[in-house]
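K.L.:
I am sharing protein21.cif, which consists of mmCIF, C-alpha atoms and all ligand atoms:
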```cif
data_query
loop_
_atom_site.label_atom_id
_atom_site.label_comp_id
_atom_site.auth_asym_id
_atom_site.auth_seq_id
_atom_site.Cartn_x
_atom_site.Cartn_y
_atom_site.Cartn_z
CA MET A 1 106.02 -120.43 20.99
CA ASN A 2 107.16 -123.87 19.84
CA LYS A 3 105.75 -126.94 21.55
CA CYS A 4 108.23 -128.27 24.07
CA LYS A 5 110.03 -131.26 22.56
CA LYS A 6 110.45 -134.33 24.78
CA ALA A 7 113.72 -136.24 25.08
CA SER A 8 114.34 -138.42 22.07
CA ASN A 9 117.12 -140.54 20.62
CA LYS A 10 117.61 -137.73 18.13
CA CYS A 11 118.47 -135.06 20.74
CA ILE A 12 122.13 -134.25 20.18
CA PHE A 13 122.73 -133.10 23.77
CA CYS A 14 121.09 -136.24 25.23
CA GLN A 15 123.47 -138.21 23.01
CA ILE A 16 126.42 -136.26 24.46
CA VAL A 17 125.19 -136.96 28.01
CA LYS A 18 124.93 -140.67 27.17
CA LYS A 19 128.44 -140.53 25.61
CA GLN A 20 127.03 -141.72 22.28
CA ILE A 21 128.77 -138.88 20.49
CA PRO A 22 132.03 -137.15 21.46
CA ALA A 23 132.25 -133.75 23.13
CA LEU A 24 134.99 -131.58 24.59
CA ILE A 25 133.82 -131.52 28.21
CA ILE A 26 135.60 -129.02 30.48
CA ALA A 27 133.64 -129.33 33.73
CA LYS A 28 130.67 -131.12 35.26
CA ASN A 29 128.62 -131.57 38.42
CA ASN A 30 125.87 -134.00 39.41
CA LYS A 31 123.21 -132.29 37.27
CA ALA A 32 125.03 -130.56 34.39
CA ILE A 33 127.91 -130.74 31.92
CA ALA A 34 129.96 -127.90 30.41
CA LEU A 35 131.41 -128.43 26.94
CA LEU A 36 132.98 -126.40 24.18
CA ASP A 37 130.49 -125.24 21.54
CA ILE A 38 131.22 -126.98 18.23
CA ASN A 39 130.66 -123.74 16.28
CA PRO A 40 132.07 -121.07 18.60
CA VAL A 41 131.17 -117.37 18.45
CA SER A 42 134.46 -116.60 20.23
CA ASP A 43 137.44 -118.56 21.61
CA GLY A 44 136.36 -120.58 24.64
CA HIS A 45 132.61 -120.40 23.82
CA THR A 46 131.13 -122.96 26.20
CA ILE A 47 127.65 -124.36 26.66
CA ILE A 48 126.26 -125.83 29.86
CA ILE A 49 123.61 -128.51 29.43
CA PRO A 50 121.56 -130.33 32.07
CA LYS A 51 122.11 -134.10 32.18
CA LYS A 52 118.33 -134.55 31.98
CA HIS A 53 116.37 -133.33 28.99
CA TYR A 54 114.36 -130.09 29.37
CA CYS A 55 113.50 -128.26 26.18
CA ASP A 56 114.26 -124.69 27.26
CA TRP A 57 114.84 -122.29 30.19
CA GLN A 58 111.15 -121.96 31.04
CA ASN A 59 110.73 -125.72 31.33
CA THR A 60 113.83 -126.36 33.43
CA PRO A 61 113.27 -126.80 37.20
CA PRO A 62 114.90 -124.17 39.47
CA LYS A 63 117.11 -126.81 41.14
CA VAL A 64 118.60 -127.71 37.78
CA LEU A 65 119.03 -124.04 36.81
CA PHE A 66 120.85 -123.53 40.11
CA ALA A 67 123.22 -126.43 39.33
CA ILE A 68 123.90 -124.84 35.93
CA VAL A 69 124.60 -121.44 37.51
CA LYS A 70 126.93 -123.09 40.04
CA LEU A 71 128.78 -124.84 37.23
CA SER A 72 129.08 -121.52 35.35
CA TYR A 73 131.32 -120.19 38.16
CA LYS A 74 133.64 -123.16 37.68
CA VAL A 75 133.66 -122.64 33.89
CA ILE A 76 134.56 -118.95 34.24
CA LYS A 77 137.43 -119.82 36.60
CA ILE A 78 138.75 -122.35 34.05
CA LEU A 79 138.40 -119.93 31.11
CA ASN A 80 139.99 -117.06 33.07
CA LYS A 81 143.05 -119.03 34.01
CA SER A 82 143.55 -121.41 31.08
CA LEU A 83 143.01 -119.63 27.77
CA PRO A 84 146.06 -118.12 26.00
CA ILE A 85 144.31 -114.73 25.97
CA LYS A 86 142.27 -113.90 29.09
CA PRO A 87 138.66 -112.88 28.30
CA LEU A 88 137.82 -109.28 29.28
CA GLY A 89 134.17 -110.12 29.89
CA TYR A 90 131.43 -112.68 29.21
CA ASN A 91 127.94 -112.85 27.76
CA TYR A 92 125.58 -115.41 29.30
CA VAL A 93 122.86 -116.26 26.78
CA SER A 94 120.02 -118.74 26.43
CA ASN A 95 117.82 -118.74 23.33
CA GLN A 96 114.21 -119.83 23.85
CA GLY A 97 112.20 -120.68 20.74
CA LYS A 98 113.13 -120.99 17.08
CA ILE A 99 112.41 -117.31 16.49
CA ALA A 100 114.92 -116.41 19.20
CA GLY A 101 117.60 -118.54 17.53
CA GLN A 102 117.19 -121.79 19.45
CA GLN A 103 118.47 -124.66 17.31
CA VAL A 104 118.89 -127.40 19.88
CA PHE A 105 115.76 -127.96 21.95
CA HIS A 106 117.56 -129.28 25.01
CA PHE A 107 118.10 -126.37 27.39
CA HIS A 108 121.59 -124.87 27.39
CA LEU A 109 123.32 -121.77 28.66
CA HIS A 110 125.90 -120.19 26.36
CA ILE A 111 128.96 -118.66 28.03
CA ILE A 112 130.60 -116.47 25.41
CA PRO A 113 133.95 -114.87 26.23
CA LYS A 114 134.39 -111.30 25.05
CA TYR A 115 137.77 -109.98 23.88
CA LYS A 116 136.82 -106.98 21.72
CA GLU A 117 133.77 -104.70 21.81
CA ASN A 118 132.75 -105.40 18.24
CA GLU A 119 133.38 -109.13 18.24
CA GLY A 120 131.47 -111.99 19.84
CA PHE A 121 127.95 -111.47 21.19
CA LYS A 122 126.17 -108.10 21.30
CA LEU A 123 122.59 -106.91 21.96
CA ASP A 124 121.26 -104.88 19.03
CA HIS A 125 119.99 -101.75 20.84
CA GLY A 126 118.37 -99.10 18.68
CA LYS A 127 118.19 -101.13 15.48
CA ILE A 128 114.40 -101.46 15.37
CA LYS A 129 111.59 -99.11 16.43
CA VAL A 130 110.09 -100.16 19.78
CA LYS A 131 107.27 -98.79 21.94
CA LYS A 132 108.03 -96.54 24.92
CA ILE A 133 108.58 -98.66 28.04
CA GLY A 134 105.86 -96.74 29.93
CA GLU A 135 103.37 -97.89 27.31
CA ILE A 136 104.50 -101.52 27.63
CA TYR A 137 104.41 -101.34 31.43
CA LYS A 138 100.64 -100.64 31.32
CA TYR A 139 100.05 -104.11 29.85
CA LEU A 140 102.07 -105.94 32.45
CA THR A 141 100.29 -107.29 35.50
CA ILE A 142 102.24 -108.29 38.57
P1 LIG A 201 121.13 -122.55 20.16
O1 LIG A 201 121.14 -121.95 18.78
O2 LIG A 201 121.04 -121.55 21.25
O3 LIG A 201 120.12 -123.69 20.27
O4 LIG A 201 122.58 -123.17 20.34
C1 LIG A 201 122.91 -124.48 19.99
C2 LIG A 201 124.40 -124.52 20.05
O5 LIG A 201 124.81 -125.87 20.11
C3 LIG A 201 125.09 -123.89 18.81
O6 LIG A 201 125.93 -122.84 19.24
C4 LIG A 201 125.85 -125.06 18.21
O7 LIG A 201 127.08 -124.68 17.67
C5 LIG A 201 126.01 -126.00 19.40
N1 LIG A 201 126.15 -127.41 19.07
C6 LIG A 201 125.40 -128.15 18.23
N2 LIG A 201 125.84 -129.42 18.21
C7 LIG A 201 126.89 -129.49 19.05
C8 LIG A 201 127.77 -130.54 19.45
N3 LIG A 201 127.67 -131.78 18.96
N4 LIG A 201 128.74 -130.24 20.35
C9 LIG A 201 128.88 -128.99 20.84
N5 LIG A 201 128.07 -127.97 20.50
C10 LIG A 201 127.09 -128.21 19.61
ZN ZN A 202 118.00 -133.81 25.13
#
```
Could you rewrite the structure in this file as structure tokens?
Ligand code: AMP
Ligand code: ZN

P.N.:
Amino acid sequence: MNKCKKASNKCIFCQIVKKQIPALIIAKNNKAIALLDINPVSDGHTIIIPKKHYCDWQNTPPKVLFAIVKLSYKVIKILNKSLPIKPLGYNYVSNQGKIAGQQVFHFHLHIIPKYKENEGFKLDHGKIKVKKIGEIYKYLTI
């Protein structure tokens, strides 16, 4: 796992929070901001970022995660009622670590509207060989 990066002047999402660079903000609350992703996977693709810098999901305090979840309800309401074509579903995604596709190391939740089964975000079930879940379960301690 990558080392957690601290806030820096270079963090693009910290710059958005500080209004140093422009963003298309659609909703906010006291702890988080929702903005349109600059390189959308589907129409209305939104990301929610905390106002404070935390590098990923695992390093974000529960209170802040809760504020992000609360803001997600507001975002969904906006997307449901405002887009020219109403989304038929949503994928909620957060990448943790470079290997998982994380590019910006300031925690964010992707909200990706889904219009067609084969477009937008999809989990790749069955593409690679994996162990039986019973075998994996033996390693996991509660
Ligand atoms: P991830 O790969 O999960 O770290 O996602 C980072 C996301 O941030 C990508 O989907 C980018 O398109 C998006 N992104 C990067 N810079 C900006 C920006 N200035 N404004 C809005 N979205 C951005
Ligand atoms: Zn940041």

K.L.:
With all atoms listed in the file counted, collect every polymer residue having an atom within 12 Å of ligand LIG 201 (chain A); state the result as a ChimeraX atom specification.

P.N.:
/A:10-17,19-26,33-42,44-49,55-57,92-112,121

K.L.:
Closest to ligand ZN 202 (chain A) among A:Ala7, A:Leu71, A:Leu88, A:Ala27, using all atoms listed in the file?

P.N.:
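Closest residue, counting all atoms listed in the file: A:Ala7.
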
K.L.:
For Ala67 of chain A, which residue out of A:Leu79, A:Ala32, A:Ile128, A:Ile85 is the nearest one, using all atoms listed in the file?

P.N.:
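Of all the options, A:Ala32 lies closest to Ala67 of chain A.
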
K.L.:
Go through A:Cys4, A:Leu65, A:Ile142, A:Ile136 one by one, measure the shortest atom-to-atom distance of each to ligand ZN 202 (chain A) using only C-alpha atoms and all ligand atoms, and give the residue with the smallest value.

P.N.:
A:Cys4

K.L.:
How many Å lie between atom CA of Glu135 of chain A and atom CA of Lys3 of chain A, rounded to one decimal?

P.N.:
29.7 Å

K.L.:
For atom CA of Ser8 of chain A and atom CA of Pro62 of chain A, determine how far apart the two atoms are, in Å to one decimal place.

P.N.:
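Computing it gives 22.5 Å between the two atoms.
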
K.L.:
In Å, with one decimal, what is the gap from atom CA of Phe66 of chain A to atom CA of Tyr54 of chain A?

P.N.:
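Between these atoms lies a distance of 14.2 Å.
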
K.L.:
Which polymer residues have any atom within 9 Å of an atom of Gly89 of chain A, counting only C-alpha atoms, with same-chain residues fewer than 4 positions away left out, as a CSV table (one decimal) with C-alpha atoms, keeping the file's coordinate frame?

P.N.:
```csv
chain,number,residue,atom,x,y,z
A,112,ILE,CA,130.6,-116.5,25.4
A,113,PRO,CA,134.0,-114.9,26.2
A,114,LYS,CA,134.4,-111.3,25.0
A,115,TYR,CA,137.8,-110.0,23.9
```

K.L.:
With only C-alpha atoms and all ligand atoms as the basis for distance, which of A:Lys127, A:Tyr137, A:Gln58, A:Lys18 is at the shortest distance from ligand ZN 202 (chain A)?

P.N.:
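The closest residue to ligand ZN 202 (chain A) is A:Lys18.
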
K.L.:
Given 8 Å of margin on each side, can you work out the centre and size in Å (one decimal) of an axis-aligned box holding every listed atom of segment 26-39 of chain A, as AutoDock Vina command-line options?

P.N.:
```
--center_x 129.4 --center_y -128.9 --center_z 27.8 --size_x 28.4 --size_y 26.3 --size_z 39.1
```
